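Trainee: Encoded as structure tokens, here's the structure I'll be asking about.
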Number of protein chains: 2
Amino acid sequence: MDKLNLDQHISNKFNEELEEARQHLMQMGGMVEQQVKNSITAIIEADSALAQEIRAKDESVNDMEMDIDEECARILALRHPAASDLRFVLAVTKAVNDLERIGDEASKIAKQAIELTENGAAPKGYIEIRHIGNLVVSMLNKALDAFARSDAELALDVLQDDKVVNMEYASAMREMVTLMMEDPRMISRALNVMWALRSLERIGDHSQNICEYVIYLVKGKDIRHKKLSKVKKAVKK
Amino acid sequence: MDKLNLDQHISNKFNEELEEARQHLMQMGGMVEQQVKNSITAIIEADSALAQEIRAKDESVNDMEMDIDEECARILALRHPAASDLRFVLAVTKAVNDLERIGDEASKIAKQAIELTENGAAPKGYIEIRHIGNLVVSMLNKALDAFARSDAELALDVLQDDKVVNMEYASAMREMVTLMMEDPRMISRALNVMWALRSLERIGDHSQNICEYVIYLVKGKDIRHKKLSKVKKAVKK
């Protein structure tokens, strides 16, 4: 009986620890999502004060990554998780890495926002930034939701969204090149917009990575680098 | 006596498994390093056949990442590594991720090489690609060496190299912008060079990440996002 109680106790405590790790990941995710949203606002509204704020806050994002990583290492060292618990811990340490990189990209967009307020606005590209920005923010939001709810179907949805982002991105980039050719005085500013678009596209990629971990977590299958048709099969099974 | 032999056996087998993981990481590292070298050659010598080869080989790099990740998950599940063994396994799963992304960047450089052979060569930028390319290949090589030998001092060296790469990168990018402004017909080709330079810069960043894991592994300290002066202190202690 004592033994059983002890086991129960350990396992409750262990579950609490896993739940805490999930909550910390979600807190970090929420913060990163806000950073991305703010970076889009900063560039569209030429708000360099907001951009500075984003760059200052990136340090907190970095700290969160290190804290959660340490938390996961501690769980691995003390609890020896197995099966889906182990996959969960591994998925968390991978996901925080992608979140940290999304934070970096938000910070890079903020940098372009600052340069654009100094160089004078670009004549074009803001509609594309807003549009692609909305798409990737929604991808990130769904990716975090999918993680919170261990929802492989929702994760699959996000993988499908990325195709749209890539198409819109390619078309926006072509437009910026045309703009540069038509008016070489716009080259610097068009490049600012292009770098920001590039960062948004990367945020879409990182959101996709997070969804791949969700599928690994739920289905026990590593579907990275697999064709979408194969991923669909794995998720629907 | 039997118990002791069994423990010995388990621990030998465990050591073998860790050694194998290290070797697999090194094999992947060697392959990725060759991909980066080839991508630099492909762009400088306008060798689109070589570029195609790089893009085809990226799949093997991806497979290696997944295999090594699975290997690490198995070790965690069955061996419950602690202390420096646990740090080692975690460092390997992080390092393969960076290696895979370096592979992606090599593949992106190859894509620019293919476009440049179609668009006609860029008038400038090849010296910069060769120069920065050599710097980041040396960083990657040293990072892998540092991992193989658990050499924190060598890892610190690489962190210092990254400053040089960033300076050279910024200067090369400015030069390409000037080139575009002087001759707008060169815009597309200059952009190809810029994207390739950007990928090289990213390869330097990923090599730096690998070195941060080496320091974590050897010193037990997570020095990511820390100032170089603090990292130096941690390594020298």
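Please note that chains go A, B, ... in the order of the structure tokens, that every chain numbers its residues from 1, and that ligands are numbered from 1 in the order shown.
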Counting only C-alpha atoms, what are the residues of stretch 31-114 of chain B within 9 Å of stretch 129-146 of chain B, and for each of them which pair of atoms is the nearest and at what distance in Å, to one decimal? Sort the table by chain and rising number, as a Markdown table.
Mentor:
| residue | atom | partner | partner_atom | distance |
| --- | --- | --- | --- | --- |
| B:Glu33 | CA | B:Val137 | CA | 6.9 |
| B:Val36 | CA | B:Val137 | CA | 7.2 |
| B:Lys37 | CA | B:Val137 | CA | 7.0 |
| B:Ile40 | CA | B:Gly133 | CA | 6.5 |
| B:Thr41 | CA | B:Arg130 | CA | 8.4 |
| B:Ile43 | CA | B:Ile129 | CA | 8.5 |
| B:Ile44 | CA | B:Arg130 | CA | 7.4 |
Trainee: Any idea which chain A residues end up within 7 Å of chain B if we count only C-alpha atoms, as a ChimeraX atom specification please?
Mentor: /A:62,77,80,82,181,184,225
Trainee: At a cut-off of 10 Å, using only C-alpha atoms, what residues contact B:Asn192? Leave out same-chain residues fewer than 5 positions from it and give the result as a list in words.
Mentor: Ile43, Ile109, Lys111, Gln112, Ala113, Ile114, Glu115, Leu116, Asn119, Ala121, Ala122, Gly125, Ile187, Leu197 and Arg198 of chain B
Trainee: Provide the atom CA of B:Gln35 to atom CA of A:Asp98 distance in Å, to one decimal place.
Mentor: 23.8 Å
Trainee: Quick one: everything within 10 Å of B:Tyr213, counting only C-alpha atoms, minus sequence neighbours fewer than 2 positions away in the same chain. Send it as number ranges by chain.
Mentor: B: 87-88, 90-92, 94-95, 143, 147, 150, 152, 155, 208-211, 215-224
Trainee: Selection from above, N, CA and C atoms, as a tab-separated table (two decimals), in the first residue's frame, can you write it?
Mentor:
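Wrote it out as selection.tsv, contents follow:
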chain	number	residue	atom	x	y	z
B	87	ARG	N	23.67	15.19	-21.21
B	87	ARG	CA	24.01	16.41	-21.96
B	87	ARG	C	24.51	16.05	-23.36
B	88	PHE	N	25.28	14.98	-23.43
B	88	PHE	CA	25.80	14.55	-24.73
B	88	PHE	C	24.64	14.20	-25.69
B	90	LEU	N	21.52	15.08	-25.57
B	90	LEU	CA	20.75	16.28	-25.92
B	90	LEU	C	21.51	17.15	-26.91
B	91	ALA	N	22.83	17.25	-26.70
B	91	ALA	CA	23.65	18.06	-27.63
B	91	ALA	C	23.63	17.45	-29.03
B	92	VAL	N	23.64	16.12	-29.10
B	92	VAL	CA	23.60	15.47	-30.43
B	92	VAL	C	22.28	15.77	-31.12
B	94	LYS	N	20.38	18.24	-30.78
B	94	LYS	CA	20.34	19.64	-31.22
B	94	LYS	C	21.27	19.87	-32.40
B	95	ALA	N	22.46	19.27	-32.34
B	95	ALA	CA	23.45	19.49	-33.40
B	95	ALA	C	22.97	18.93	-34.75
B	143	ALA	N	33.88	23.43	-35.78
B	143	ALA	CA	32.77	23.09	-34.89
B	143	ALA	C	32.63	21.58	-34.76
B	147	PHE	N	33.28	19.19	-31.49
B	147	PHE	CA	32.32	18.20	-31.00
B	147	PHE	C	33.00	16.85	-30.84
B	150	SER	N	35.27	16.98	-27.91
B	150	SER	CA	34.74	17.67	-26.71
B	150	SER	C	35.69	18.79	-26.29
B	152	ALA	N	36.12	22.51	-25.68
B	152	ALA	CA	35.40	23.77	-25.46
B	152	ALA	C	36.21	24.99	-25.92
B	155	ALA	N	35.74	25.35	-29.55
B	155	ALA	CA	34.38	25.85	-29.77
B	155	ALA	C	34.33	27.36	-29.57
B	208	GLN	N	28.05	28.13	-35.22
B	208	GLN	CA	28.16	28.74	-33.90
B	208	GLN	C	27.25	28.01	-32.91
B	209	ASN	N	26.03	27.70	-33.32
B	209	ASN	CA	25.12	26.96	-32.44
B	209	ASN	C	25.75	25.64	-32.00
B	210	ILE	N	26.34	24.93	-32.95
B	210	ILE	CA	26.95	23.62	-32.63
B	210	ILE	C	28.02	23.82	-31.55
B	211	CYS	N	28.77	24.90	-31.67
B	211	CYS	CA	29.82	25.17	-30.68
B	211	CYS	C	29.23	25.48	-29.30
B	215	ILE	N	30.10	23.54	-25.69
B	215	ILE	CA	30.43	24.16	-24.40
B	215	ILE	C	29.45	23.68	-23.31
B	216	TYR	N	28.19	23.54	-23.68
B	216	TYR	CA	27.17	23.00	-22.75
B	216	TYR	C	27.55	21.59	-22.33
B	217	LEU	N	27.98	20.82	-23.32
B	217	LEU	CA	28.35	19.42	-23.09
B	217	LEU	C	29.55	19.30	-22.16
B	218	VAL	N	30.56	20.11	-22.42
B	218	VAL	CA	31.82	19.98	-21.67
B	218	VAL	C	31.73	20.68	-20.32
B	219	LYS	N	31.14	21.87	-20.31
B	219	LYS	CA	31.16	22.68	-19.09
B	219	LYS	C	29.86	22.59	-18.30
B	220	GLY	N	28.84	21.97	-18.89
B	220	GLY	CA	27.55	21.88	-18.20
B	220	GLY	C	26.84	23.22	-18.08
B	221	LYS	N	27.27	24.18	-18.92
B	221	LYS	CA	26.65	25.52	-18.84
B	221	LYS	C	26.03	25.89	-20.18
B	222	ASP	N	24.79	26.37	-20.11
B	222	ASP	CA	24.11	26.81	-21.32
B	222	ASP	C	24.51	28.26	-21.57
B	223	ILE	N	25.36	28.50	-22.58
B	223	ILE	CA	25.86	29.87	-22.80
B	223	ILE	C	25.23	30.52	-24.03
B	224	ARG	N	24.13	29.93	-24.51
B	224	ARG	CA	23.45	30.56	-25.64
B	224	ARG	C	23.00	31.97	-25.27
